[in-house]
$ cat upload_0.cif   # mmCIF, C-alpha atoms
data_data
loop_
_atom_site.group_PDB
_atom_site.id
_atom_site.type_symbol
_atom_site.label_atom_id
_atom_site.label_comp_id
_atom_site.auth_asym_id
_atom_site.auth_seq_id
_atom_site.Cartn_x
_atom_site.Cartn_y
_atom_site.Cartn_z
ATOM 1 C CA MET Q 1 -3.171 -5.266 -43.899
ATOM 2 C CA ALA Q 2 -0.951 -7.002 -41.418
ATOM 3 C CA ARG Q 3 -2.457 -7.794 -38.055
ATOM 4 C CA PRO Q 4 -0.952 -5.704 -35.197
ATOM 5 C CA ARG Q 5 1.042 -7.358 -32.440
ATOM 6 C CA ALA Q 6 -1.096 -8.638 -29.600
ATOM 7 C CA VAL Q 7 0.458 -6.218 -27.118
ATOM 8 C CA ASN Q 8 0.312 -3.169 -29.382
ATOM 9 C CA ILE Q 9 -2.660 -1.234 -28.025
ATOM 10 C CA LEU Q 10 -1.599 2.188 -29.288
ATOM 11 C CA GLU Q 11 -3.890 2.018 -32.328
ATOM 12 C CA LEU Q 12 -6.925 1.423 -30.112
ATOM 13 C CA LEU Q 13 -6.502 4.796 -28.456
ATOM 14 C CA THR Q 14 -4.725 7.087 -30.900
ATOM 15 C CA PRO Q 15 -4.894 5.960 -34.535
ATOM 16 C CA GLY Q 16 -1.768 6.537 -36.554
ATOM 17 C CA ALA Q 17 1.823 6.961 -35.562
ATOM 18 C CA ALA Q 18 2.718 8.875 -32.432
ATOM 19 C CA ILE Q 19 3.647 12.485 -33.150
ATOM 20 C CA ARG Q 20 7.031 13.550 -31.843
ATOM 21 C CA PRO Q 21 7.653 17.304 -31.928
ATOM 22 C CA GLY Q 22 11.046 18.579 -32.955
ATOM 23 C CA VAL Q 23 13.177 19.075 -29.881
ATOM 24 C CA SER Q 24 16.584 19.837 -31.370
ATOM 25 C CA ASP Q 25 16.580 23.380 -29.956
ATOM 26 C CA ASP Q 26 15.088 22.623 -26.538
ATOM 27 C CA SER Q 27 18.338 23.354 -24.729
ATOM 28 C CA SER Q 28 18.745 26.754 -26.359
ATOM 29 C CA LEU Q 29 15.089 27.593 -25.687
ATOM 30 C CA MET Q 30 15.528 26.721 -22.038
ATOM 31 C CA GLU Q 31 18.645 28.875 -21.836
ATOM 32 C CA ARG Q 32 16.744 31.790 -23.342
ATOM 33 C CA PHE Q 33 13.832 31.225 -20.976
ATOM 34 C CA ARG Q 34 16.147 31.200 -17.958
ATOM 35 C CA ALA Q 35 17.507 34.522 -19.191
ATOM 36 C CA GLY Q 36 13.999 36.004 -19.125
ATOM 37 C CA ASP Q 37 12.788 35.385 -22.685
ATOM 38 C CA GLY Q 38 9.034 34.801 -22.427
ATOM 39 C CA GLU Q 39 8.718 33.906 -26.095
ATOM 40 C CA ALA Q 40 11.097 31.010 -25.534
ATOM 41 C CA PHE Q 41 8.736 29.574 -22.917
ATOM 42 C CA THR Q 42 5.820 29.980 -25.322
ATOM 43 C CA SER Q 43 7.760 27.970 -27.907
ATOM 44 C CA ILE Q 44 8.508 25.255 -25.339
ATOM 45 C CA TYR Q 45 4.854 25.071 -24.354
ATOM 46 C CA ARG Q 46 3.642 24.859 -27.940
ATOM 47 C CA ALA Q 47 6.151 22.134 -28.753
ATOM 48 C CA HIS Q 48 5.471 19.907 -25.762
ATOM 49 C CA HIS Q 49 2.099 20.558 -24.136
ATOM 50 C CA THR Q 50 0.280 18.042 -26.352
ATOM 51 C CA ALA Q 51 2.641 15.217 -25.403
ATOM 52 C CA VAL Q 52 2.381 16.084 -21.705
ATOM 53 C CA PHE Q 53 -1.412 16.180 -21.929
ATOM 54 C CA ARG Q 54 -1.499 12.843 -23.773
ATOM 55 C CA PHE Q 55 0.666 11.229 -21.088
ATOM 56 C CA ALA Q 56 -1.509 12.654 -18.300
ATOM 57 C CA PHE Q 57 -4.703 11.581 -20.078
ATOM 58 C CA HIS Q 58 -3.482 8.025 -20.544
ATOM 59 C CA MET Q 59 -2.503 7.927 -16.877
ATOM 60 C CA THR Q 60 -5.838 9.262 -15.562
ATOM 61 C CA ALA Q 61 -8.446 8.591 -18.292
ATOM 62 C CA ASP Q 62 -9.858 12.017 -17.399
ATOM 63 C CA SER Q 63 -9.409 14.953 -19.788
ATOM 64 C CA VAL Q 64 -10.156 17.567 -17.117
ATOM 65 C CA ILE Q 65 -7.580 16.180 -14.700
ATOM 66 C CA ALA Q 66 -5.107 15.727 -17.554
ATOM 67 C CA GLY Q 67 -5.535 19.378 -18.473
ATOM 68 C CA GLU Q 68 -4.908 20.443 -14.884
ATOM 69 C CA ILE Q 69 -1.792 18.272 -14.672
ATOM 70 C CA THR Q 70 -0.500 19.703 -17.945
ATOM 71 C CA GLN Q 71 -1.004 23.258 -16.723
ATOM 72 C CA ASP Q 72 0.592 22.479 -13.366
ATOM 73 C CA ALA Q 73 3.583 20.843 -15.070
ATOM 74 C CA PHE Q 74 4.379 23.972 -17.067
ATOM 75 C CA VAL Q 75 3.733 26.262 -14.097
ATOM 76 C CA TRP Q 76 6.213 24.111 -12.176
ATOM 77 C CA LEU Q 77 8.701 24.512 -15.030
ATOM 78 C CA ILE Q 78 8.391 28.299 -14.830
ATOM 79 C CA HIS Q 79 9.482 28.237 -11.203
ATOM 80 C CA HIS Q 80 12.038 25.421 -11.489
ATOM 81 C CA ALA Q 81 13.608 25.936 -14.910
ATOM 82 C CA SER Q 82 17.077 25.561 -13.413
ATOM 83 C CA GLU Q 83 16.359 21.915 -12.568
ATOM 84 C CA PHE Q 84 16.395 20.878 -16.226
ATOM 85 C CA ASP Q 85 19.820 19.527 -17.167
ATOM 86 C CA PRO Q 86 20.197 18.601 -20.867
ATOM 87 C CA ASN Q 87 23.142 16.384 -19.953
ATOM 88 C CA ARG Q 88 20.826 14.125 -17.977
ATOM 89 C CA GLY Q 89 18.113 13.741 -20.609
ATOM 90 C CA ALA Q 90 15.833 15.426 -23.135
ATOM 91 C CA LEU Q 91 13.168 17.967 -22.201
ATOM 92 C CA PRO Q 92 10.195 15.738 -23.202
ATOM 93 C CA ALA Q 93 11.322 13.068 -20.723
ATOM 94 C CA PHE Q 94 11.895 15.726 -18.077
ATOM 95 C CA LEU Q 95 8.396 17.143 -18.519
ATOM 96 C CA LYS Q 96 6.805 13.694 -18.391
ATOM 97 C CA GLY Q 97 8.709 13.101 -15.176
ATOM 98 C CA VAL Q 98 7.158 16.271 -13.742
ATOM 99 C CA ALA Q 99 3.690 15.181 -14.902
ATOM 100 C CA ARG Q 100 4.299 11.744 -13.409
ATOM 101 C CA ARG Q 101 5.014 13.258 -9.990
ATOM 102 C CA LEU Q 102 1.851 15.339 -10.231
ATOM 103 C CA VAL Q 103 -0.188 12.228 -11.040
ATOM 104 C CA GLN Q 104 1.328 10.463 -8.045
ATOM 105 C CA ARG Q 105 0.538 13.433 -5.808
ATOM 106 C CA GLY Q 106 -3.056 13.379 -7.017
ATOM 107 C CA GLN Q 107 -3.268 9.677 -6.261
ATOM 108 C CA ARG Q 108 -2.036 10.191 -2.716
ATOM 109 C CA ASN Q 109 -4.351 13.134 -2.113
ATOM 110 C CA GLU Q 110 -7.531 11.812 -3.671
ATOM 111 C CA ARG Q 111 -7.133 8.028 -3.472
ATOM 112 C CA ARG Q 112 -8.680 7.841 -6.939
ATOM 113 C CA TRP Q 113 -6.947 4.758 -8.286
ATOM 114 C CA LEU Q 114 -7.788 1.212 -7.248
ATOM 115 C CA PRO Q 115 -5.950 -1.986 -8.187
ATOM 116 C CA PHE Q 116 -7.709 -4.817 -9.954
ATOM 117 C CA ASP Q 117 -9.242 -7.523 -7.791
ATOM 118 C CA MET Q 118 -7.200 -10.629 -7.125
ATOM 119 C CA ILE Q 119 -3.891 -9.030 -8.071
ATOM 120 C CA GLU Q 120 -1.785 -11.718 -6.445
ATOM 121 C CA GLU Q 121 -3.632 -14.421 -8.343
ATOM 122 C CA ILE Q 122 -3.213 -12.524 -11.606
ATOM 123 C CA PHE Q 123 0.506 -12.104 -11.018
ATOM 124 C CA ALA Q 124 0.797 -15.870 -10.816
ATOM 125 C CA ALA Q 125 -0.445 -16.166 -14.418
ATOM 126 C CA GLY Q 126 2.034 -17.374 -16.973
ATOM 127 C CA ASP Q 127 1.549 -15.796 -20.395
ATOM 128 C CA ALA Q 128 1.076 -12.021 -20.649
ATOM 129 C CA ASP Q 129 0.110 -12.004 -24.331
ATOM 130 C CA ALA Q 130 -3.550 -11.515 -25.182
ATOM 131 C CA ASP Q 131 -5.518 -10.864 -28.339
ATOM 132 C CA PHE Q 132 -6.266 -7.122 -28.069
ATOM 133 C CA SER Q 133 -8.358 -6.773 -31.186
ATOM 134 C CA ALA Q 134 -9.794 -3.605 -32.682
ATOM 135 C CA ALA Q 135 -13.148 -4.625 -31.258
ATOM 136 C CA VAL Q 136 -12.020 -3.662 -27.758
ATOM 137 C CA ASP Q 137 -13.806 -0.488 -26.752
ATOM 138 C CA ALA Q 138 -11.273 2.328 -26.443
ATOM 139 C CA GLU Q 139 -13.045 3.972 -23.514
ATOM 140 C CA THR Q 140 -13.127 0.687 -21.622
ATOM 141 C CA LEU Q 141 -9.427 0.255 -22.310
ATOM 142 C CA ARG Q 142 -8.623 3.751 -21.053
ATOM 143 C CA THR Q 143 -10.550 3.052 -17.866
ATOM 144 C CA ALA Q 144 -8.822 -0.289 -17.388
ATOM 145 C CA ILE Q 145 -5.401 1.309 -17.789
ATOM 146 C CA ALA Q 146 -6.296 4.084 -15.333
ATOM 147 C CA LEU Q 147 -7.241 1.423 -12.761
ATOM 148 C CA LEU Q 148 -3.865 -0.283 -12.954
ATOM 149 C CA PRO Q 149 -1.525 0.215 -9.995
ATOM 150 C CA ILE Q 150 0.509 3.262 -10.935
ATOM 151 C CA ARG Q 151 3.859 1.482 -11.388
ATOM 152 C CA TYR Q 152 2.366 -0.781 -14.062
ATOM 153 C CA ARG Q 153 0.212 1.978 -15.541
ATOM 154 C CA GLU Q 154 3.310 4.093 -16.140
ATOM 155 C CA ALA Q 155 5.057 1.308 -18.037
ATOM 156 C CA ILE Q 156 1.993 0.561 -20.187
ATOM 157 C CA VAL Q 157 1.460 4.235 -21.025
ATOM 158 C CA LEU Q 158 5.080 4.948 -21.945
ATOM 159 C CA CYS Q 159 5.906 1.741 -23.836
ATOM 160 C CA ASP Q 160 2.584 0.606 -25.330
ATOM 161 C CA LEU Q 161 0.638 3.843 -25.768
ATOM 162 C CA GLU Q 162 3.510 6.215 -26.525
ATOM 163 C CA SER Q 163 5.806 3.685 -28.226
ATOM 164 C CA GLN Q 164 8.831 4.641 -26.169
ATOM 165 C CA SER Q 165 11.739 2.246 -25.873
ATOM 166 C CA TYR Q 166 12.574 0.518 -22.602
ATOM 167 C CA GLU Q 167 15.550 2.853 -22.288
ATOM 168 C CA GLU Q 168 13.437 5.987 -22.820
ATOM 169 C CA ALA Q 169 10.821 4.819 -20.315
ATOM 170 C CA ALA Q 170 13.541 4.007 -17.793
ATOM 171 C CA ARG Q 171 14.883 7.562 -18.070
ATOM 172 C CA VAL Q 172 11.419 9.056 -17.467
ATOM 173 C CA LEU Q 173 10.743 6.823 -14.458
ATOM 174 C CA GLY Q 174 14.289 6.873 -13.102
ATOM 175 C CA CYS Q 175 14.652 3.114 -12.896
ATOM 176 C CA ALA Q 176 16.498 0.238 -14.570
ATOM 177 C CA VAL Q 177 15.517 -1.183 -17.958
ATOM 178 C CA GLY Q 178 14.898 -4.555 -16.300
ATOM 179 C CA THR Q 179 12.380 -2.904 -13.978
ATOM 180 C CA ILE Q 180 10.520 -1.483 -16.974
ATOM 181 C CA ARG Q 181 10.375 -4.929 -18.598
ATOM 182 C CA SER Q 182 9.030 -6.493 -15.415
ATOM 183 C CA ARG Q 183 6.401 -3.809 -14.805
ATOM 184 C CA LEU Q 184 5.305 -3.883 -18.431
ATOM 185 C CA HIS Q 185 4.878 -7.653 -18.309
ATOM 186 C CA ARG Q 186 2.799 -7.516 -15.149
ATOM 187 C CA GLY Q 187 0.707 -4.639 -16.441
ATOM 188 C CA ARG Q 188 -0.083 -6.602 -19.595
ATOM 189 C CA VAL Q 189 -1.065 -9.598 -17.472
ATOM 190 C CA LEU Q 190 -3.550 -7.443 -15.582
ATOM 191 C CA LEU Q 191 -5.041 -6.001 -18.764
ATOM 192 C CA ALA Q 192 -5.188 -9.374 -20.481
ATOM 193 C CA ARG Q 193 -7.001 -10.986 -17.567
ATOM 194 C CA LYS Q 194 -9.354 -8.028 -17.264
ATOM 195 C CA PHE Q 195 -10.481 -8.315 -20.876
ATOM 196 C CA GLN Q 196 -10.557 -12.108 -20.816
ATOM 197 C CA SER Q 197 -12.926 -11.806 -17.858
ATOM 198 C CA LYS Q 198 -15.150 -9.347 -19.735
ATOM 199 C CA LYS Q 199 -15.196 -11.634 -22.775
ATOM 200 C CA GLY Q 200 -16.317 -14.523 -20.580
ATOM 201 C CA GLU Q 201 -19.123 -12.430 -19.113
ATOM 202 C CA ARG Q 202 -20.539 -11.792 -22.598
ATOM 203 C CA VAL Q 203 -20.741 -15.488 -23.461
#

$ encode --input "upload_0.cif" --output "structure tokens"
Amino acid sequence: MARPRAVNILELLTPGAAIRPGVSDDSSLMERFRAGDGEAFTSIYRAHHTAVFRFAFHMTADSVIAGEITQDAFVWLIHHASEFDPNRGALPAFLKGVARRLVQRGQRNERRWLPFDMIEEIFAAGDADADFSAAVDAETLRTAIALLPIRYREAIVLCDLESQSYEEAARVLGCAVGTIRSRLHRGRVLLARKFQSKKGERV
């Protein structure tokens, strides 16, 4: 079996390919929901709640908080369905954007997330590639990702954990593709140094 790329950490958290629900009829479902069709909302929830939960879980490393964020995201959709515009992007990206704002609100309110020590020194590092082998403990990795500054955490979650393209991640975060590349690089530097440090401690 071929060895995975050094930066591909998806397999460490969720074995197998990422599942992408069919979204071809999202626009029509949203139109029906806006017209008062409750079954349409149920279909939307069933199609997308798992992906929203997965995003929230990767961002927080806490299943309880992820569940609350998922619920809040769909409650928000109930009251703000008119804000979804299919001409501006697909519903999955829209919902992840809602979940992202809820994560940010939780960070501001609870001050849960702390950056790694010596961030400025880490940013000065050259090579972002590291040997993330299957021996890395998945729970430790989840915790490390959740401790990243949120702008780098978002890029890691979307591109590395959910296998989204730079363009898709840029649409979710509302920024330029170049910004995604930069944040992803710096996030990988932080993770690489974190695990290199742990490896050194075991020696």

$ closest_residue --input "upload_0.cif" --among "Q:Ile65, Q:Ala90, Q:Gly106, Q:Ser82" --to "Val172 in chain Q" --atoms "only C-alpha atoms"
Q:Ala90

$ residues_around --input "upload_0.cif" --residues "range 33-43 of chain Q" --least-positions-apart "3" --cutoff "9 Å" --atoms "only C-alpha atoms" --output "PyMOL selection string"
chain Q and resi 28-30+46-48+78+81-82

$ residues_around --input "upload_0.cif" --residues "range 157-159 of chain Q" --least-positions-apart "4" --cutoff "8 Å" --atoms "only C-alpha atoms" --output "mmCIF file with C-alpha atoms, in the coordinates of the input"
data_model
loop_
_atom_site.group_PDB
_atom_site.id
_atom_site.type_symbol
_atom_site.label_atom_id
_atom_site.label_comp_id
_atom_site.auth_asym_id
_atom_site.auth_seq_id
_atom_site.Cartn_x
_atom_site.Cartn_y
_atom_site.Cartn_z
ATOM 1 C CA PHE Q 55 0.666 11.229 -21.088
ATOM 2 C CA HIS Q 58 -3.482 8.025 -20.544
ATOM 3 C CA MET Q 59 -2.503 7.927 -16.877
ATOM 4 C CA ARG Q 153 0.212 1.978 -15.541
ATOM 5 C CA SER Q 163 5.806 3.685 -28.226
ATOM 6 C CA GLN Q 164 8.831 4.641 -26.169
ATOM 7 C CA SER Q 165 11.739 2.246 -25.873
ATOM 8 C CA TYR Q 166 12.574 0.518 -22.602
ATOM 9 C CA ALA Q 169 10.821 4.819 -20.315
ATOM 10 C CA LEU Q 184 5.305 -3.883 -18.431
#

$ closest_residue --input "upload_0.cif" --among "Q:Glu167, Q:His80, Q:Ile69, Q:Glu162" --to "Arg105 in chain Q" --atoms "only C-alpha atoms"
Q:Ile69

$ atom_distance --input "upload_0.cif" --atom1 "CA of Gln104 in chain Q" --atom2 "CA of Pro92 in chain Q"
18.3 Å

$ closest_residue --input "upload_0.cif" --among "Q:His49, Q:Arg54, Q:Arg32, Q:Arg171" --to "Gly97 in chain Q" --atoms "all atoms listed in the file"
Q:Arg171

$ atom_distance --input "upload_0.cif" --atom1 "CA of Ala192 in chain Q" --atom2 "CA of Val64 in chain Q"
27.6 Å

$ resolve_selection --input "upload_0.cif" --expression "the PyMOL selection byres ((chain Q and resi 61) around 12)" --output "PDB file with C-alpha atoms, in the frame of the given file"
ATOM      1  CA  LEU Q  13      -6.502   4.796 -28.456  1.00  0.00           C
ATOM      2  CA  PHE Q  53      -1.412  16.180 -21.929  1.00  0.00           C
ATOM      3  CA  ARG Q  54      -1.499  12.843 -23.773  1.00  0.00           C
ATOM      4  CA  PHE Q  55       0.666  11.229 -21.088  1.00  0.00           C
ATOM      5  CA  ALA Q  56      -1.509  12.654 -18.300  1.00  0.00           C
ATOM      6  CA  PHE Q  57      -4.703  11.581 -20.078  1.00  0.00           C
ATOM      7  CA  HIS Q  58      -3.482   8.025 -20.544  1.00  0.00           C
ATOM      8  CA  MET Q  59      -2.503   7.927 -16.877  1.00  0.00           C
ATOM      9  CA  THR Q  60      -5.838   9.262 -15.562  1.00  0.00           C
ATOM     10  CA  ASP Q  62      -9.858  12.017 -17.399  1.00  0.00           C
ATOM     11  CA  SER Q  63      -9.409  14.953 -19.788  1.00  0.00           C
ATOM     12  CA  VAL Q  64     -10.156  17.567 -17.117  1.00  0.00           C
ATOM     13  CA  ILE Q  65      -7.580  16.180 -14.700  1.00  0.00           C
ATOM     14  CA  ALA Q  66      -5.107  15.727 -17.554  1.00  0.00           C
ATOM     15  CA  GLY Q  67      -5.535  19.378 -18.473  1.00  0.00           C
ATOM     16  CA  VAL Q 103      -0.188  12.228 -11.040  1.00  0.00           C
ATOM     17  CA  ARG Q 112      -8.680   7.841  -6.939  1.00  0.00           C
ATOM     18  CA  TRP Q 113      -6.947   4.758  -8.286  1.00  0.00           C
ATOM     19  CA  ALA Q 138     -11.273   2.328 -26.443  1.00  0.00           C
ATOM     20  CA  GLU Q 139     -13.045   3.972 -23.514  1.00  0.00           C
ATOM     21  CA  THR Q 140     -13.127   0.687 -21.622  1.00  0.00           C
ATOM     22  CA  LEU Q 141      -9.427   0.255 -22.310  1.00  0.00           C
ATOM     23  CA  ARG Q 142      -8.623   3.751 -21.053  1.00  0.00           C
ATOM     24  CA  THR Q 143     -10.550   3.052 -17.866  1.00  0.00           C
ATOM     25  CA  ALA Q 144      -8.822  -0.289 -17.388  1.00  0.00           C
ATOM     26  CA  ILE Q 145      -5.401   1.309 -17.789  1.00  0.00           C
ATOM     27  CA  ALA Q 146      -6.296   4.084 -15.333  1.00  0.00           C
ATOM     28  CA  LEU Q 147      -7.241   1.423 -12.761  1.00  0.00           C
ATOM     29  CA  LEU Q 148      -3.865  -0.283 -12.954  1.00  0.00           C
ATOM     30  CA  ARG Q 153       0.212   1.978 -15.541  1.00  0.00           C
ATOM     31  CA  VAL Q 157       1.460   4.235 -21.025  1.00  0.00           C
TER      32      VAL Q 157
END

$ resolve_selection --input "upload_0.cif" --expression "the PyMOL selection byres ((chain Q and resi 173-175) around 10)" --output "JSON, numbers by chain"
{"Q": [93, 94, 96, 97, 100, 101, 151, 154, 155, 158, 167, 168, 169, 170, 171, 172, 176, 177, 178, 179, 180]}

$ write_last_selection --input "upload_0.cif" --atoms "C-alpha atoms" --output "CSV table (one decimal), in the coordinates of the input"
chain,number,residue,atom,x,y,z
Q,93,ALA,CA,11.3,13.1,-20.7
Q,94,PHE,CA,11.9,15.7,-18.1
Q,96,LYS,CA,6.8,13.7,-18.4
Q,97,GLY,CA,8.7,13.1,-15.2
Q,100,ARG,CA,4.3,11.7,-13.4
Q,101,ARG,CA,5.0,13.3,-10.0
Q,151,ARG,CA,3.9,1.5,-11.4
Q,154,GLU,CA,3.3,4.1,-16.1
Q,155,ALA,CA,5.1,1.3,-18.0
Q,158,LEU,CA,5.1,4.9,-21.9
Q,167,GLU,CA,15.6,2.9,-22.3
Q,168,GLU,CA,13.4,6.0,-22.8
Q,169,ALA,CA,10.8,4.8,-20.3
Q,170,ALA,CA,13.5,4.0,-17.8
Q,171,ARG,CA,14.9,7.6,-18.1
Q,172,VAL,CA,11.4,9.1,-17.5
Q,176,ALA,CA,16.5,0.2,-14.6
Q,177,VAL,CA,15.5,-1.2,-18.0
Q,178,GLY,CA,14.9,-4.6,-16.3
Q,179,THR,CA,12.4,-2.9,-14.0
Q,180,ILE,CA,10.5,-1.5,-17.0
